[in-house]
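Asks: Below is one structure. I have some questions about it.
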Amino acid sequence: MTRVAMVYHSGYGHTAKAAEAVAKGLMEIGGTHLDMLPIDAEGNLPEAAWAILCAADGIVFGSPTYMSGPSWQFKKFGDASSKPWAAQQWKDKLFAGFTNSASMNGDKLSTLDYMFHLSQQHGGIWVGMGMLPSNTKAATRNDVNYIAGFSGLMTVSPADASIDEAPLPGDLETARLFGQRVATLTQRWAK
């Protein structure tokens with residue numbers, strides 16, 4: 001059984017909805033145990049979450065993109081990870097990341113870049129999307145990987161959309177497939 005820990009912050013519920021879709025894909029791959037570790041509104045995790053992260057084979061980061069980067073709550077978590085960093089407790093784990101913002105681009109890549117560099121500080125191995133984009137004239141907004149994320153999952157929730165309305169089904173399907181990829185590669189890596 002491989003263990004994956006998903007640590008994420010969601011300000012309005014849209015990033016949590018994307019996290020649930022990633023989790024669904026992770027759990028569709030047999031032999032995967034998933035721990036969901038939401039960061040609270042004050043940027044904190046329960047103390048037990050740190051032990052779960054250290055025991056995990058893979059860690060998935062999730063944060064909304066606010067003003068061209070992760071939420072301050074996620075950044076607080078990242079800064080607090082200096083304790084496991086000093087002890088090299090996350091070294092050689094697989095890492096992946098996802099983000100949501102109100103705009104199609106919305107500088108989501110900056111957030112994924114932050115997550116990537118955080119994983120590299122910890123000596124981790126990064127997992128990208130591994131899927132082609134839907135970038136033909138026939139493509140529709142609900143096609144898989146319409147946003148064309150490569151380094152991590154990107155989803156969109158318009159600023160006036162409720163969590164019932166967004167992210168859209170195509171983004172959630174992309175998230176599910178991304179979860180499957182992370183679980184499959186974590187199992188391969190943990191052998």
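For the structure tokens, the naming scheme is as follows: chains receive sequential letters (A, B, ...) according to their order of presentation, residues are indexed from 1 within each chain, and ligands are indexed from 1 in presentation order.
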Can you tell me, as a list in words, what residues are no more than 8 Å from Phe74 of chain A when counting only C-alpha atoms, ignoring any on the same chain fewer than 4 positions away?
Replies: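 That gives Tyr8, His9, Ile39, Gly43, Ser63, Pro70 and Gly78 of chain A.
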Asks: What's the 8 Å shell around segment 104-121 of chain A, counting only C-alpha atoms, without same-chain residues fewer than 5 positions away, as a CSV table (one decimal) with C-alpha atoms, in the first residue's frame?
Replies:
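After the write, result.csv holds the following:
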chain,number,residue,atom,x,y,z
A,61,PHE,CA,0.2,20.3,-2.9
A,63,SER,CA,-3.6,26.1,-3.4
A,65,THR,CA,-3.7,31.4,-7.0
A,67,MET,CA,-2.3,37.8,-6.9
A,68,SER,CA,0.1,35.6,-8.9
A,69,GLY,CA,1.1,33.1,-6.2
A,70,PRO,CA,-0.2,30.7,-3.7
A,78,GLY,CA,5.5,26.0,3.0
A,85,TRP,CA,13.5,20.1,5.4
A,95,PHE,CA,5.5,15.6,-5.4
A,96,ALA,CA,2.7,17.1,-7.5
A,97,GLY,CA,0.6,20.2,-7.4
A,98,PHE,CA,-2.6,21.9,-8.4
A,99,THR,CA,-4.1,25.3,-8.4
A,126,TRP,CA,8.1,16.3,-9.4
A,147,ILE,CA,-6.2,24.9,-20.0
A,151,SER,CA,3.8,21.2,-14.8
A,152,GLY,CA,0.7,20.6,-12.7
A,154,MET,CA,-4.8,24.1,-13.4
A,156,VAL,CA,-10.7,27.8,-13.4
Asks: Please, what distance in Å, to one decimal, runs between atom CA of Lys76 of chain A and atom CA of Ala18 of chain A?
Replies: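 Straight-line distance from atom CA of Lys76 of chain A to atom CA of Ala18 of chain A works out to 20.9 Å.
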Asks: Using only C-alpha atoms, which residues of segment 11-67 of chain A come within 12 Å of segment 127-139 of chain A, and what is the closest atom pair for each, with the distance in Å to one decimal? Give it as a Markdown table, sorted by chain and residue number.
Replies:
| residue | atom | partner | partner_atom | distance |
| --- | --- | --- | --- | --- |
| A:Val22 | CA | A:Met129 | CA | 11.9 |
| A:Gly58 | CA | A:Val127 | CA | 9.8 |
| A:Ile59 | CA | A:Val127 | CA | 10.2 |
| A:Val60 | CA | A:Val127 | CA | 9.4 |
| A:Phe61 | CA | A:Val127 | CA | 11.3 |
Asks: Do a neighbour search on Asp171 of chain A at 12 Å with only C-alpha atoms, toss out local chain neighbours closer than 4 positions, and write the hits as JSON, numbers by chain.
Replies: {"A": [14, 15, 17, 18, 19, 20, 21, 22, 98, 99, 100, 101, 104, 133, 134, 140, 141, 142, 143, 144, 145, 146, 147, 148, 149, 153, 154, 155, 156, 157, 165, 166, 167, 175, 176, 177, 178]}
Asks: If you run DSSP on the backbone here, which positions in segment 3-61 of chain A get strand (DSSP E or B)? Please write them as a list in words.
Replies: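 Those residues are Arg3, Val4, Ala5, Met6, Val7, Tyr8, Thr32, His33, Leu34, Asp35, Met36, Leu37, Pro38, Gly58, Ile59, Val60 and Phe61 of chain A.
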Asks: Now that the selection is made, can you save its residues with N, CA, C and O atoms as an mmCIF file, in the first residue's frame?
Replies:
data_model
loop_
_atom_site.group_PDB
_atom_site.id
_atom_site.type_symbol
_atom_site.label_atom_id
_atom_site.label_comp_id
_atom_site.auth_asym_id
_atom_site.auth_seq_id
_atom_site.Cartn_x
_atom_site.Cartn_y
_atom_site.Cartn_z
ATOM 1 N N ARG A 3 1.273 5.383 0.257
ATOM 2 C CA ARG A 3 0.589 6.458 0.990
ATOM 3 C C ARG A 3 0.830 7.780 0.283
ATOM 4 O O ARG A 3 1.981 8.143 0.024
ATOM 5 N N VAL A 4 -0.273 8.467 0.010
ATOM 6 C CA VAL A 4 -0.202 9.805 -0.579
ATOM 7 C C VAL A 4 -0.874 10.760 0.393
ATOM 8 O O VAL A 4 -1.953 10.474 0.916
ATOM 9 N N ALA A 5 -0.232 11.895 0.631
ATOM 10 C CA ALA A 5 -0.803 12.946 1.472
ATOM 11 C C ALA A 5 -1.076 14.152 0.587
ATOM 12 O O ALA A 5 -0.196 14.581 -0.172
ATOM 13 N N MET A 6 -2.296 14.671 0.661
ATOM 14 C CA MET A 6 -2.642 15.864 -0.090
ATOM 15 C C MET A 6 -2.823 17.006 0.904
ATOM 16 O O MET A 6 -3.721 16.975 1.740
ATOM 17 N N VAL A 7 -1.951 17.998 0.813
ATOM 18 C CA VAL A 7 -2.017 19.158 1.694
ATOM 19 C C VAL A 7 -2.429 20.353 0.838
ATOM 20 O O VAL A 7 -1.791 20.662 -0.159
ATOM 21 N N TYR A 8 -3.532 21.006 1.235
ATOM 22 C CA TYR A 8 -4.074 22.053 0.376
ATOM 23 C C TYR A 8 -4.809 23.106 1.197
ATOM 24 O O TYR A 8 -5.270 22.852 2.306
ATOM 25 N N THR A 32 -3.658 2.321 -3.014
ATOM 26 C CA THR A 32 -3.296 3.685 -2.633
ATOM 27 C C THR A 32 -4.083 4.088 -1.398
ATOM 28 O O THR A 32 -5.303 3.960 -1.361
ATOM 29 N N HIS A 33 -3.373 4.578 -0.396
ATOM 30 C CA HIS A 33 -4.010 5.169 0.785
ATOM 31 C C HIS A 33 -3.814 6.674 0.689
ATOM 32 O O HIS A 33 -2.708 7.152 0.435
ATOM 33 N N LEU A 34 -4.883 7.439 0.881
ATOM 34 C CA LEU A 34 -4.827 8.893 0.768
ATOM 35 C C LEU A 34 -5.196 9.549 2.083
ATOM 36 O O LEU A 34 -6.203 9.194 2.702
ATOM 37 N N ASP A 35 -4.391 10.509 2.497
ATOM 38 C CA ASP A 35 -4.707 11.372 3.633
ATOM 39 C C ASP A 35 -4.926 12.781 3.095
ATOM 40 O O ASP A 35 -4.020 13.364 2.483
ATOM 41 N N MET A 36 -6.122 13.330 3.321
ATOM 42 C CA MET A 36 -6.448 14.704 2.935
ATOM 43 C C MET A 36 -6.105 15.602 4.129
ATOM 44 O O MET A 36 -6.611 15.384 5.230
ATOM 45 N N LEU A 37 -5.271 16.605 3.897
ATOM 46 C CA LEU A 37 -4.793 17.477 4.964
ATOM 47 C C LEU A 37 -5.087 18.937 4.618
ATOM 48 O O LEU A 37 -4.216 19.660 4.102
ATOM 49 N N PRO A 38 -6.304 19.394 4.880
ATOM 50 C CA PRO A 38 -6.623 20.792 4.568
ATOM 51 C C PRO A 38 -5.924 21.764 5.524
ATOM 52 O O PRO A 38 -5.862 21.519 6.732
ATOM 53 N N GLY A 58 4.177 9.948 -1.369
ATOM 54 C CA GLY A 58 3.961 11.058 -2.283
ATOM 55 C C GLY A 58 3.190 12.168 -1.588
ATOM 56 O O GLY A 58 2.374 11.907 -0.705
ATOM 57 N N ILE A 59 3.477 13.401 -1.992
ATOM 58 C CA ILE A 59 2.799 14.567 -1.424
ATOM 59 C C ILE A 59 2.241 15.401 -2.570
ATOM 60 O O ILE A 59 2.974 15.742 -3.504
ATOM 61 N N VAL A 60 0.958 15.726 -2.486
ATOM 62 C CA VAL A 60 0.305 16.581 -3.469
ATOM 63 C C VAL A 60 0.000 17.912 -2.788
ATOM 64 O O VAL A 60 -0.638 17.945 -1.739
ATOM 65 N N PHE A 61 0.459 18.995 -3.400
ATOM 66 C CA PHE A 61 0.196 20.344 -2.913
ATOM 67 C C PHE A 61 -0.992 20.927 -3.665
ATOM 68 O O PHE A 61 -1.113 20.720 -4.876
#
Asks: Pick out the closest residue to Ser103 of chain A from this set: A:Ala161, A:Ala16, A:Ile125, A:Leu45. Count only C-alpha atoms.
Replies: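 Answer, going by the shortest atom-to-atom distance: A:Ala161.
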Asks: If you measure from atom CA of Gln180 of chain A to atom CA of Leu53 of chain A, what distance in Å do you get, rounded to one decimal?
Replies: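 For atom CA of Gln180 of chain A relative to atom CA of Leu53 of chain A, the distance reads 19.5 Å.
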